[in-house]
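File shown: entry-v3.txt. Contents: compact mmCIF, C-alpha atoms.
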# COMPACT_ATOMS: atom_id res chain seq x y z
CA MET A 6 -20.92 27.12 25.40
CA GLU A 7 -24.04 25.24 24.32
CA GLU A 8 -23.45 26.22 20.69
CA ARG A 9 -19.84 25.03 20.88
CA ARG A 10 -21.00 21.66 22.20
CA ARG A 11 -23.57 21.42 19.44
CA ASN A 12 -20.96 22.22 16.80
CA LEU A 13 -18.59 19.68 18.30
CA PHE A 14 -21.31 17.04 18.25
CA VAL A 15 -22.08 17.83 14.59
CA ARG A 16 -18.40 17.64 13.63
CA ILE A 17 -17.95 14.29 15.37
CA THR A 18 -21.14 12.90 13.82
CA VAL A 19 -20.18 13.97 10.29
CA SER A 20 -16.65 12.60 10.73
CA ILE A 21 -18.02 9.22 11.85
CA LEU A 22 -20.38 9.15 8.87
CA LEU A 23 -17.48 9.91 6.51
CA VAL A 24 -15.42 7.12 8.10
CA PHE A 25 -18.36 4.76 7.60
CA LEU A 26 -18.74 5.91 3.97
CA MET A 27 -15.07 5.21 3.31
CA SER A 28 -15.33 1.87 5.11
CA ILE A 29 -18.23 0.54 3.03
CA TYR A 30 -16.34 1.69 -0.07
CA ILE A 31 -13.14 -0.16 0.88
CA PHE A 32 -15.00 -3.12 2.42
CA PRO A 33 -18.27 -3.40 0.45
CA VAL A 34 -21.42 -4.79 2.04
CA SER A 35 -24.58 -5.73 0.18
CA ARG A 36 -27.51 -6.64 2.43
CA ILE A 37 -28.71 -3.10 3.26
CA PHE A 38 -28.32 -2.04 -0.40
CA VAL A 39 -30.30 -4.85 -2.03
CA PRO A 40 -31.57 -4.73 -4.80
CA ILE A 41 -29.26 -1.85 -5.82
CA GLY A 42 -26.14 -3.96 -5.35
CA ASN A 43 -23.29 -3.66 -2.93
CA SER A 44 -22.21 -0.41 -1.29
CA LYS A 45 -19.12 -0.01 -3.50
CA ASN A 46 -21.23 -0.03 -6.68
CA LEU A 47 -23.70 2.48 -5.28
CA ILE A 48 -20.91 4.85 -4.21
CA ALA A 49 -19.28 4.41 -7.62
CA ALA A 50 -22.52 5.33 -9.41
CA VAL A 51 -22.67 8.59 -7.44
CA GLY A 52 -18.97 9.15 -8.17
CA ILE A 53 -19.48 8.74 -11.93
CA ALA A 54 -22.33 11.28 -11.83
CA LEU A 55 -20.17 13.76 -9.90
CA PHE A 56 -17.23 13.18 -12.26
CA ILE A 57 -19.37 13.82 -15.36
CA TYR A 58 -20.86 16.93 -13.76
CA ASP A 59 -17.45 18.38 -12.80
CA ILE A 60 -15.99 17.79 -16.27
CA GLY A 61 -18.96 18.30 -18.59
CA ILE A 62 -21.30 20.76 -16.84
CA ALA A 63 -19.44 22.69 -14.14
CA LYS A 64 -16.18 22.47 -16.15
CA THR A 65 -14.19 22.67 -12.92
CA MET A 66 -11.64 20.08 -14.04
CA LEU A 67 -10.06 18.40 -17.06
CA PHE A 68 -10.00 14.66 -17.61
CA PRO A 69 -6.83 13.49 -15.77
CA LYS A 70 -4.26 11.93 -18.14
CA ASN A 71 -3.10 9.43 -15.51
CA ILE A 72 -6.66 8.10 -15.22
CA LEU A 73 -6.75 7.67 -19.01
CA TRP A 74 -3.61 5.50 -18.97
CA ILE A 75 -5.02 3.44 -16.11
CA LEU A 76 -8.24 2.84 -18.04
CA ILE A 77 -6.24 1.76 -21.08
CA CYS A 78 -4.34 -0.77 -18.95
CA GLY A 79 -7.65 -2.00 -17.51
CA VAL A 80 -9.01 -2.50 -21.03
CA PHE A 81 -5.96 -4.60 -21.94
CA VAL A 82 -6.44 -6.78 -18.84
CA SER A 83 -10.00 -7.46 -20.00
CA LEU A 84 -8.88 -8.11 -23.58
CA VAL A 85 -6.20 -10.64 -22.62
CA SER A 86 -8.78 -12.37 -20.39
CA ILE A 87 -11.22 -12.60 -23.30
CA PHE A 88 -8.47 -13.92 -25.56
CA THR A 89 -7.37 -16.68 -23.17
CA MET A 90 -11.00 -17.66 -22.51
CA VAL A 91 -11.74 -17.94 -26.24
CA TYR A 92 -8.39 -19.52 -27.15
CA ASN A 93 -8.68 -22.15 -24.41
CA ASN A 94 -12.43 -22.61 -24.94
CA THR A 95 -13.33 -22.06 -21.27
CA SER A 96 -16.15 -20.11 -19.65
CA ASP A 97 -14.13 -18.62 -16.79
CA ASP A 98 -14.71 -14.87 -17.16
CA SER A 99 -13.16 -13.85 -13.81
CA TYR A 100 -11.23 -10.87 -15.23
CA VAL A 101 -13.11 -10.26 -18.49
CA LEU A 102 -14.87 -7.25 -16.91
CA HIS A 103 -11.84 -6.03 -15.00
CA ILE A 104 -12.08 -2.64 -16.71
CA ARG A 105 -15.47 -2.27 -15.04
CA SER A 106 -13.87 -3.04 -11.68
CA VAL A 107 -11.19 -0.38 -12.30
CA ILE A 108 -13.85 2.21 -13.18
CA ILE A 109 -15.90 1.32 -10.11
CA TRP A 110 -12.95 1.66 -7.72
CA ILE A 111 -11.78 4.97 -9.20
CA SER A 112 -15.24 6.56 -9.37
CA GLY A 113 -16.08 5.29 -5.88
CA GLY A 114 -12.87 6.84 -4.57
CA TYR A 115 -13.79 10.08 -6.33
CA CYS A 116 -17.16 10.15 -4.55
CA VAL A 117 -15.61 9.55 -1.13
CA CYS A 118 -12.96 12.23 -1.68
CA LYS A 119 -15.58 14.73 -2.90
CA ALA A 120 -17.54 14.16 0.31
CA ILE A 121 -14.42 14.72 2.41
CA ARG A 122 -13.54 17.88 0.48
CA LYS A 123 -17.09 19.18 0.84
CA TYR A 124 -16.90 18.83 4.62
CA HIS A 125 -13.35 20.10 5.17
CA GLY A 126 -13.26 22.69 2.40
CA ARG A 127 -10.03 21.16 1.09
CA ILE A 128 -8.43 17.76 0.74
CA SER A 129 -4.93 16.36 1.14
CA PHE A 130 -3.05 13.10 1.55
CA ARG A 131 -3.02 13.58 5.30
CA ILE A 132 -6.76 14.26 5.60
CA VAL A 133 -7.62 11.17 3.54
CA GLY A 134 -5.02 9.21 5.50
CA GLN A 135 -6.67 10.18 8.78
CA TYR A 136 -9.99 8.82 7.52
CA LEU A 137 -8.24 5.62 6.43
CA VAL A 138 -6.91 5.28 9.98
CA GLY A 139 -10.45 5.85 11.21
CA VAL A 140 -11.60 2.94 9.02
CA LEU A 141 -8.89 0.72 10.48
CA VAL A 142 -9.83 1.59 14.05
CA MET A 143 -13.57 1.26 13.38
CA GLN A 144 -13.14 -2.18 11.82
CA CYS A 145 -10.97 -3.38 14.70
CA ILE A 146 -13.43 -2.12 17.32
CA SER A 147 -16.29 -3.72 15.36
CA ALA A 148 -14.42 -7.03 15.24
CA LEU A 149 -13.93 -6.97 19.01
CA LEU A 150 -17.62 -6.22 19.56
CA PHE A 151 -18.81 -8.92 17.18
CA ASP A 152 -16.45 -11.46 18.74
CA ASN A 153 -17.42 -10.73 22.34
CA SER A 154 -21.04 -9.60 22.19
CA PRO A 155 -23.79 -11.89 20.83
CA PHE A 156 -26.11 -8.87 20.75
CA ALA A 157 -23.71 -6.90 18.51
CA ALA A 158 -23.13 -9.98 16.35
CA ASN A 159 -26.88 -10.37 15.88
CA ILE A 160 -27.21 -6.74 14.77
CA LEU A 161 -24.33 -7.25 12.34
CA GLN A 162 -25.93 -10.34 10.85
CA LYS A 163 -29.28 -8.66 10.27
CA THR A 164 -27.80 -5.38 8.98
CA PHE A 165 -24.79 -6.21 6.82
CA TYR A 166 -24.74 -9.93 5.97
CA SER A 167 -27.17 -12.37 4.45
CA PRO A 168 -27.72 -15.60 6.46
CA VAL A 169 -25.56 -17.56 3.98
CA GLU A 170 -22.71 -15.01 4.13
CA TYR A 171 -22.83 -14.88 7.92
CA LYS A 172 -22.81 -18.66 8.22
CA TYR A 173 -19.77 -18.82 5.94
CA ILE A 174 -17.89 -16.18 7.94
CA LEU A 175 -18.63 -17.97 11.22
CA SER A 176 -17.28 -21.21 9.70
CA LEU A 177 -13.88 -19.50 9.25
CA ARG A 178 -13.53 -19.24 13.04
CA ARG A 179 -11.77 -15.88 12.75
CA MET A 180 -12.50 -12.35 13.87
CA PHE A 181 -14.16 -10.14 11.28
CA GLY A 182 -15.52 -6.64 10.89
CA ILE A 183 -18.09 -4.95 8.66
CA GLY A 184 -17.26 -6.52 5.31
CA ALA A 185 -13.66 -6.98 6.48
CA TYR A 186 -12.40 -10.54 6.77
CA LEU A 187 -9.74 -12.89 5.41
CA ASP A 188 -7.02 -11.52 3.11
CA VAL A 189 -9.27 -8.77 1.71
CA ALA A 190 -9.10 -7.17 5.16
CA GLY A 191 -5.42 -7.97 5.69
CA VAL A 192 -4.26 -6.51 2.36
CA ARG A 193 -6.10 -3.23 2.86
CA PHE A 194 -5.09 -3.02 6.51
CA ALA A 195 -1.49 -3.44 5.32
CA ALA A 196 -1.83 -0.47 2.95
CA ILE A 197 -3.43 1.65 5.68
CA MET A 198 -0.54 0.82 8.01
CA ILE A 199 1.86 2.34 5.48
CA VAL A 200 -0.26 5.49 5.13
CA LEU A 201 -0.41 5.69 8.94
CA GLY A 202 3.39 5.38 9.09
CA ALA A 203 3.75 8.33 6.68
CA ILE A 204 1.41 10.47 8.80
CA CYS A 205 3.41 9.61 11.94
CA VAL A 206 6.59 10.87 10.26
CA ASP A 207 4.83 14.12 9.34
CA TYR A 208 3.69 14.78 12.90
CA VAL A 209 7.14 14.06 14.36
CA ARG A 210 8.77 16.42 11.85
CA GLU A 211 6.26 19.10 12.87
CA ARG A 212 6.94 18.38 16.57
CA ASN A 213 3.27 17.55 17.10
CA THR A 214 3.96 14.93 19.78
CA LYS A 215 0.34 14.53 20.87
CA ALA A 216 -0.86 13.72 17.34
CA ALA A 217 2.12 11.39 16.79
CA ILE A 218 1.32 9.43 19.96
CA ILE A 219 -2.36 9.10 18.94
CA CYS A 220 -1.31 7.77 15.52
CA LEU A 221 1.16 5.33 17.10
CA CYS A 222 -1.58 4.10 19.45
CA CYS A 223 -3.75 3.47 16.39
CA LEU A 224 -0.82 1.61 14.83
CA GLY A 225 -0.42 -0.58 17.91
CA PHE A 226 -4.15 -1.24 18.18
CA GLY A 227 -4.46 -1.94 14.45
CA THR A 228 -1.46 -4.27 14.51
CA MET A 229 -2.84 -6.33 17.38
CA ILE A 230 -6.47 -6.62 16.27
CA GLY A 231 -5.74 -6.44 12.53
CA ASN A 232 -3.54 -9.53 12.73
CA MET A 233 -6.31 -11.38 14.56
CA ILE A 234 -8.58 -10.63 11.59
CA ALA A 235 -5.95 -11.38 8.91
CA ARG A 236 -2.24 -12.00 9.41
CA THR A 237 -1.49 -10.31 6.07
CA THR A 238 -1.59 -7.10 8.12
CA THR A 239 1.94 -7.98 9.26
CA VAL A 240 3.28 -7.23 5.76
CA GLY A 241 2.09 -3.64 6.03
CA VAL A 242 3.54 -3.25 9.53
CA ALA A 243 6.93 -4.57 8.39
CA ILE A 244 6.99 -2.24 5.36
CA CYS A 245 5.94 0.64 7.64
CA PHE A 246 9.07 0.02 9.71
CA MET A 247 11.12 -0.09 6.51
CA TYR A 248 9.59 3.24 5.51
CA TRP A 249 10.56 4.73 8.87
CA GLY A 250 14.10 3.44 8.46
CA PHE A 251 14.41 5.04 5.01
CA MET A 252 12.92 8.33 6.21
CA SER A 253 15.27 8.36 9.21
CA LEU A 254 18.28 8.11 6.87
CA TYR A 255 16.78 10.67 4.47
CA GLN A 256 16.08 13.20 7.21
CA PHE A 257 19.55 12.64 8.69
CA TRP A 258 21.06 13.33 5.25
CA LYS A 259 19.06 16.59 5.14
CA GLY A 260 20.43 17.56 8.54
CA GLU A 261 17.20 16.77 10.42
CA SER A 262 16.20 13.91 12.68
CA ILE A 263 13.04 11.91 13.39
CA ARG A 264 14.61 9.65 16.02
CA LYS A 265 11.92 10.84 18.43
CA LEU A 266 9.54 8.70 16.39
CA TRP A 267 11.41 5.54 17.38
CA GLY A 268 11.36 6.54 21.05
CA LEU A 269 7.61 7.17 20.98
CA PHE A 270 7.08 3.94 19.09
CA LEU A 271 9.05 1.99 21.71
CA LEU A 272 6.93 3.53 24.47
CA VAL A 273 3.62 2.78 22.73
CA GLY A 274 4.90 -0.66 21.72
CA LEU A 275 5.68 -1.59 25.33
CA VAL A 276 2.22 -0.45 26.47
CA THR A 277 0.57 -2.43 23.64
CA TYR A 278 2.63 -5.51 24.52
CA GLY A 279 1.64 -5.15 28.18
CA ILE A 280 -2.07 -4.98 27.31
CA GLY A 281 -1.71 -7.99 25.01
CA ALA A 282 0.15 -9.99 27.67
CA PHE A 283 -2.50 -9.18 30.27
CA GLU A 284 -5.33 -10.23 27.94
CA TYR A 285 -3.43 -13.40 27.03
CA GLN A 286 -3.23 -14.39 30.68
CA HIS A 287 -6.78 -13.49 31.72
CA ASN A 288 -9.00 -13.86 28.62
CA SER A 289 -9.23 -17.28 27.00
CA LYS A 290 -10.91 -15.98 23.84
CA MET A 291 -8.30 -13.27 23.42
CA ARG A 292 -5.57 -15.85 24.02
CA GLU A 293 -6.88 -17.94 21.15
CA ASN A 294 -7.08 -14.89 18.87
CA LEU A 295 -3.59 -13.73 19.81
CA ARG A 296 -2.13 -17.16 19.10
CA PHE A 297 -3.78 -17.12 15.68
CA GLY A 298 -2.79 -13.54 14.85
CA PHE A 299 0.83 -13.94 15.93
CA GLU A 300 1.26 -17.65 15.25
CA GLY A 301 4.68 -17.13 13.69
CA PHE A 302 6.02 -15.26 16.71
CA PHE A 303 4.68 -17.86 19.13
CA SER A 304 6.27 -20.57 16.98
CA LEU A 305 9.59 -18.69 17.04
CA VAL A 306 9.55 -18.50 20.85
CA GLU A 307 8.21 -22.01 21.54
CA LYS A 308 9.82 -24.01 18.71
CA GLY A 309 12.82 -21.90 17.78
CA HIS A 310 11.72 -21.35 14.18
CA TRP A 311 9.09 -19.37 12.28
CA GLU A 312 6.12 -21.47 11.24
CA THR A 313 2.49 -20.73 10.42
CA ASN A 314 -0.24 -22.93 9.01
CA SER A 315 -0.87 -20.52 6.12
CA ASN A 316 2.82 -20.51 5.14
CA ASN A 317 2.83 -24.31 5.09
CA GLU A 318 -0.25 -24.29 2.86
CA LEU A 319 1.37 -21.68 0.63
CA GLU A 320 4.44 -23.87 0.12
CA GLU A 321 2.19 -26.68 -1.11
CA MET A 322 0.41 -24.30 -3.48
CA ILE A 323 3.49 -23.00 -5.28
CA LYS A 324 2.98 -24.73 -8.62
CA TRP A 325 4.07 -23.71 -12.11
CA PRO A 326 2.94 -24.67 -15.64
CA ASP A 327 4.67 -27.58 -17.36
CA ASN A 328 4.26 -26.34 -20.94
CA GLU A 329 5.11 -23.21 -22.94
CA LYS A 330 1.54 -22.43 -23.98
CA THR A 331 0.32 -22.16 -20.39
CA TRP A 332 3.35 -20.05 -19.43
CA ILE A 333 2.65 -17.58 -22.24
CA ILE A 334 -1.16 -17.26 -22.40
CA GLY A 335 -2.47 -19.53 -19.62
CA ASP A 336 -5.14 -22.22 -19.53
CA GLY A 337 -8.09 -19.85 -19.06
CA TYR A 338 -9.04 -21.03 -15.55
CA MET A 339 -8.97 -18.88 -12.41
CA ILE A 340 -11.77 -19.99 -10.07
CA ASP A 341 -12.87 -23.46 -9.03
CA PRO A 342 -13.47 -25.22 -12.38
CA THR A 343 -16.32 -27.31 -10.94
CA ARG A 344 -18.37 -24.12 -10.72
CA ILE A 345 -17.92 -23.61 -14.45
CA GLU A 346 -17.40 -26.92 -16.21
CA PRO A 347 -19.47 -29.81 -14.71
CA TYR A 348 -17.24 -32.45 -16.33
CA LEU A 349 -14.28 -31.39 -14.16
CA MET A 350 -15.73 -32.83 -10.95
CA ALA A 351 -12.47 -34.76 -10.48
CA PHE A 352 -10.99 -31.57 -9.03
CA HIS A 353 -13.18 -31.93 -5.94
CA ALA A 354 -12.16 -35.56 -5.59
CA ARG A 355 -8.54 -34.41 -5.24
CA GLY A 356 -9.51 -31.67 -2.81
CA GLU A 357 -8.38 -28.91 -5.18
CA VAL A 358 -10.75 -25.98 -4.84
CA PHE A 359 -8.69 -23.80 -7.22
CA TYR A 360 -7.40 -24.57 -10.67
CA MET A 361 -4.31 -26.77 -10.33
CA GLY A 362 -4.88 -26.69 -6.59
CA THR A 363 -3.14 -23.34 -6.11
CA ASP A 364 -4.40 -20.16 -4.50
CA ALA A 365 -0.95 -18.53 -4.68
CA GLY A 366 -1.32 -15.19 -6.44
CA TYR A 367 1.29 -15.24 -9.19
CA CYS A 368 0.88 -18.98 -9.85
CA ARG A 369 -2.87 -18.66 -10.09
CA PHE A 370 -2.71 -15.71 -12.46
CA ILE A 371 -0.15 -17.37 -14.72
CA PHE A 372 -2.38 -20.45 -15.01
CA TYR A 373 -5.24 -18.11 -15.92
CA VAL A 374 -3.68 -15.69 -18.45
CA GLY A 375 0.01 -16.56 -18.53
CA ILE A 376 3.00 -14.24 -18.33
CA VAL A 377 1.40 -11.91 -20.88
CA GLY A 378 -1.67 -11.28 -18.73
CA LEU A 379 0.36 -11.09 -15.53
CA ALA A 380 2.64 -8.44 -17.07
CA ILE A 381 -0.37 -6.32 -18.10
CA MET A 382 -1.92 -6.61 -14.64
CA CYS A 383 1.38 -5.58 -13.02
CA LEU A 384 1.57 -2.66 -15.45
CA LEU A 385 -1.89 -1.57 -14.26
CA PHE A 386 -0.61 -1.52 -10.67
CA PHE A 387 2.56 0.36 -11.63
CA VAL A 388 0.68 2.99 -13.67
CA SER A 389 -1.85 3.45 -10.84
CA ALA A 390 0.93 3.91 -8.28
CA ALA A 391 2.69 6.34 -10.63
CA GLY A 392 -0.53 8.33 -10.89
CA GLY A 393 -0.73 8.49 -7.11
CA MET A 394 2.89 9.64 -6.93
CA ALA A 395 2.20 12.37 -9.49
CA ASN A 396 -0.74 13.59 -7.38
CA HIS A 397 1.23 13.48 -4.12
CA PRO A 398 4.95 13.99 -4.84
CA GLU A 399 5.79 14.50 -1.15
CA TYR A 400 4.58 10.96 -0.44
CA LYS A 401 6.18 9.18 -3.40
CA PHE A 402 8.05 6.68 -1.26
CA ALA A 403 4.97 5.91 0.85
CA ILE A 404 2.96 5.17 -2.31
CA PHE A 405 5.84 3.07 -3.63
CA CYS A 406 5.69 1.11 -0.35
CA ILE A 407 1.95 0.51 -0.89
CA LEU A 408 2.77 -0.85 -4.35
CA LEU A 409 5.53 -3.00 -2.83
CA ALA A 410 3.07 -4.42 -0.28
CA ASN A 411 0.69 -5.27 -3.12
CA MET A 412 3.38 -7.12 -5.09
CA ILE A 413 4.63 -9.02 -2.01
CA ILE A 414 1.13 -10.06 -0.94
CA TRP A 415 0.42 -11.32 -4.47
CA ILE A 416 2.86 -14.14 -3.70
CA LYS A 417 0.16 -15.44 -1.38
CA VAL A 418 -3.16 -14.25 -2.84
CA THR A 419 -4.49 -12.20 -5.78
CA THR A 420 -6.35 -9.71 -3.56
CA ASP A 421 -4.91 -6.21 -4.15
CA VAL A 422 -4.73 -2.73 -2.61
CA TYR A 423 -6.46 -1.02 -5.52
CA ALA A 424 -9.10 0.52 -3.27
CA ILE A 425 -6.40 2.55 -1.50
CA LEU A 426 -4.61 3.52 -4.72
CA ALA A 427 -7.94 4.61 -6.25
CA LEU A 428 -8.49 7.03 -3.37
CA LEU A 429 -5.08 8.61 -3.97
CA LEU A 430 -5.82 8.89 -7.69
CA ALA A 431 -9.04 10.82 -7.04
CA PHE A 432 -7.42 14.10 -5.98
CA ARG A 433 -4.27 16.18 -5.77
CA ASP A 434 -3.06 17.66 -2.51
CA GLU A 435 -4.77 21.06 -2.58
CA GLU A 436 -2.25 22.68 -0.26
CA GLU A 437 0.42 21.91 -2.83
CA VAL A 438 -1.77 23.20 -5.67
CA GLU A 439 -2.30 26.47 -3.80
CA GLU A 440 1.46 26.86 -3.29
CA ASN A 441 2.10 26.29 -7.00
CA THR A 442 -0.60 28.81 -7.88
CA ASP A 443 1.03 31.43 -5.65
CA VAL A 444 4.36 30.86 -7.36
CA GLU A 445 2.76 31.23 -10.79
CA GLU A 446 1.11 34.51 -9.72
CA GLU A 447 4.45 35.88 -8.50
CA ILE A 448 6.12 34.95 -11.81
CA THR A 449 3.26 36.62 -13.73
CA GLU A 450 3.62 39.79 -11.74

Here is a file; write its structure as structure tokens.
Amino acid sequence: MEERRRNLFVRITVSILLVFLMSIYIFPVSRIFVPIGNSKNLIAAVGIALFIYDIGIAKTMLFPKNILWILICGVFVSLVSIFTMVYNNTSDDSYVLHIRSVIIWISGGYCVCKAIRKYHGRISFRIVGQYLVGVLVMQCISALLFDNSPFAANILQKTFYSPVEYKYILSLRRMFGIGAYLDVAGVRFAAIMIVLGAICVDYVRERNTKAAIICLCCLGFGTMIGNMIARTTTVGVAICFMYWGFMSLYQFWKGESIRKLWGLFLLVGLVTYGIGAFEYQHNSKMRENLRFGFEGFFSLVEKGHWETNSNNELEEMIKWPDNEKTWIIGDGYMIDPTRIEPYLMAFHARGEVFYMGTDAGYCRFIFYVGIVGLAIMCLLFFVSAAGGMANHPEYKFAIFCILLANMIIWIKVTTDVYAILALLLAFRDEEEVEENTDVEEEITE
């Protein structure tokens, strides 16, 4: 009995450490890794070493062709950025080293997945998805602790953020986790919601009701707290429901049914709503956070129409070029020009902190590198998603939904879901590989 308890404690400890490893990969932090750099870069360096060892020394794998195509697309993104910077005579190099960013995300994902495989002895979409859900839950619990406990907030400040970073985050007056705040958190939460939705469908199909209820509870908890951190989470929740609708029709066409999923979701949803309503009535801080996280829904009930402050700001930021040159190759500016060119101080006078006063994703990218650069960046996303689909054919539609979330969110902001896609590019479902191997052996015999 004592040995079983010890083994259980070890398993829980290792699982928490792996969740933390994945978290600081998806949401990089820098303070505890200075002067090495942020956590993502350190994990990526280990991943590159492991990748070179597996290919060159151990010879346990071949260089994946889908990764090669992704790297080529990343190179072209960098090249078009260099061209527009030189052609427009600017010094904005925001995406000049984008190929480096692509390599870092992919190699970091490879390191995380190798660690998971080392612990479990195998790896699959579902196993990685469970750790992604663990990241979501950990970040939401952390956000609640930091928002309600000055002691926890003080530990966070000293451990993960520099004084300047922490002061900036506090000025946002929003909940935040460990490296997770603003749209960076919302976009990646949205992608995790879709992965979580796919896992829920799997458990219902397997009649594993207990696991399905646990996943749905995580979905409800993540939806509530995730929206308080960043309302972009709602996009992932909405696409998750769309995914369920498609899978319901698909399973019905195959002669099966997953309608139990909707019943369980309704039950968990009512419980989540009840907890939220209770907190709204009895906790002033939670009331403020709920009104922020679900501002559109409150507006719909109280005013009769959907309205949020961020949507109003977005409408003002939808701006397009007024000349053909900018449409085609851009003006070469992405970030606040006053940080690059001192003679453009007039931008601050007009209150425009981004070039042309727009932070809207597609608009901002067109002003930077034009339609040409935008098309290449979109191609990078499409090729990456296609690589994930090739690795996990059973989850093609779920990965397509992640890509869809990325393209929808880009209407608002240029932050992407590449961290999640990179994880799915780092491995193939080993259960499927084993099945294919068995088939090949039977054919050989």

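Candidate residues A:Thr18, A:Ser106, A:Thr239, A:Asn159 were compared for distance to Tyr423 of chain A, and the nearest is A:Ser106, using all atoms listed in the file.
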
**Computed interatomic separation between atom CA of Tyr136 of chain A and atom CA of Cys205 of chain A (Å)** =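 We find that atom CA of Tyr136 of chain A and atom CA of Cys205 of chain A lie 14.1 Å from each other.
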
**Request:** Quote the spacing between atom CA of Gly366 of chain A and atom CA of Lys417 of chain A in Å to one decimal place.
**Result:** 5.3 Å

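Atom CA of Thr237 of chain A sits 21.8 Å away from atom CA of Val273 of chain A.
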
**Residue with smallest distance to Ser253 of chain A - pool A:Val34, A:Ala203, A:Ile77, A:Ile29, counting only C-alpha atoms** =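 Selected residue with least distance to Ser253 of chain A: A:Ala203.
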
**Asked** Closest to Phe432 of chain A among A:Leu102, A:Ile183, A:Ala54, A:Cys118, using all atoms listed in the file?
**Response** A:Cys118

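Around the point (-12.5, -4.6, -16.4), within 9 Å and counting all atoms listed in the file, we find these residues: Leu76, Gly79, Val80, Phe81, Val82, Ser83, Leu84, Tyr100, Val101, Leu102, His103, Ile104, Arg105, Ser106, Val107 and Ile108 of chain A.
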
**Message:** Between A:Lys330, A:Lys215, A:His397, A:Lys324, which residue has the minimum interatomic distance to Phe359 of chain A, considering all atoms listed in the file?
**Reply:** A:Lys324

**Message:** Around the point (-15.9, 11.5, -0.8) (coordinates from the file), which residues reach within 10 Å if we count all atoms listed in the file? Answer as an NGL selection string.
**Reply:** :A and (23-24 or 26-27 or 30 or 48 or 51-52 or 112-124 or 128 or 133 or 428 or 431)

**Request:** Find, counting only C-alpha atoms, the residue in A:Ser129, A:Phe270, A:Val192, A:Arg264 that gets nearest to Leu408 of chain A.
**Result:** A:Val192

**Message:** I'd like the contact shell of Ile75 of chain A - 8 Å cut-off, all atoms listed in the file, skipping same-chain residues fewer than 4 positions apart - returned as a VMD selection string.
**Reply:** chain A and resid 71 79 385 388 to 389

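The closest residue to Val242 of chain A, picked from A:Leu161, A:Ser147, A:Asp364, A:Ala410 and counting all atoms listed in the file, is A:Ala410.
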
**Request:** Skip segment 398-402 of chain A itself and residues of its chain fewer than 5 positions away, then list as a PyMOL selection string all residues within 12 Å of it, counting only C-alpha atoms.
**Result:** chain A and resi 129-131+134+199-204+206-207+244-245+247-252+255+390-393+407-409+429+433-434+436-438

Using the incomplete input, complete segment 104-113 of chain A to the level of N, CA, C and O atoms; output as a short mmCIF file (atom, residue, chain, number, x, y, z; two decimals), in the coordinates of the input.
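After the write, result21.cif holds the following:
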data_model
loop_
_atom_site.label_atom_id
_atom_site.label_comp_id
_atom_site.auth_asym_id
_atom_site.auth_seq_id
_atom_site.Cartn_x
_atom_site.Cartn_y
_atom_site.Cartn_z
N ILE A 104 -12.01 -4.08 -16.45
CA ILE A 104 -12.08 -2.64 -16.71
C ILE A 104 -13.23 -2.02 -15.94
O ILE A 104 -13.13 -0.89 -15.43
N ARG A 105 -14.34 -2.76 -15.83
CA ARG A 105 -15.47 -2.27 -15.04
C ARG A 105 -15.08 -2.13 -13.58
O ARG A 105 -15.44 -1.14 -12.92
N SER A 106 -14.33 -3.10 -13.06
CA SER A 106 -13.87 -3.04 -11.68
C SER A 106 -12.97 -1.82 -11.45
O SER A 106 -13.10 -1.14 -10.43
N VAL A 107 -12.07 -1.55 -12.41
CA VAL A 107 -11.19 -0.38 -12.30
C VAL A 107 -12.01 0.90 -12.26
O VAL A 107 -11.76 1.79 -11.43
N ILE A 108 -13.00 1.01 -13.14
CA ILE A 108 -13.85 2.21 -13.18
C ILE A 108 -14.62 2.37 -11.88
O ILE A 108 -14.74 3.48 -11.34
N ILE A 109 -15.13 1.27 -11.36
CA ILE A 109 -15.90 1.32 -10.11
C ILE A 109 -15.04 1.80 -8.95
O ILE A 109 -15.44 2.67 -8.17
N TRP A 110 -13.83 1.25 -8.83
CA TRP A 110 -12.95 1.66 -7.72
C TRP A 110 -12.59 3.13 -7.84
O TRP A 110 -12.62 3.87 -6.84
N ILE A 111 -12.21 3.57 -9.03
CA ILE A 111 -11.78 4.97 -9.20
C ILE A 111 -12.93 5.94 -8.97
O ILE A 111 -12.79 6.95 -8.27
N SER A 112 -14.11 5.65 -9.55
CA SER A 112 -15.24 6.56 -9.37
C SER A 112 -15.76 6.52 -7.94
O SER A 112 -16.19 7.55 -7.40
N GLY A 113 -15.70 5.36 -7.29
CA GLY A 113 -16.08 5.29 -5.88
C GLY A 113 -15.14 6.12 -5.01
O GLY A 113 -15.58 6.83 -4.10
#
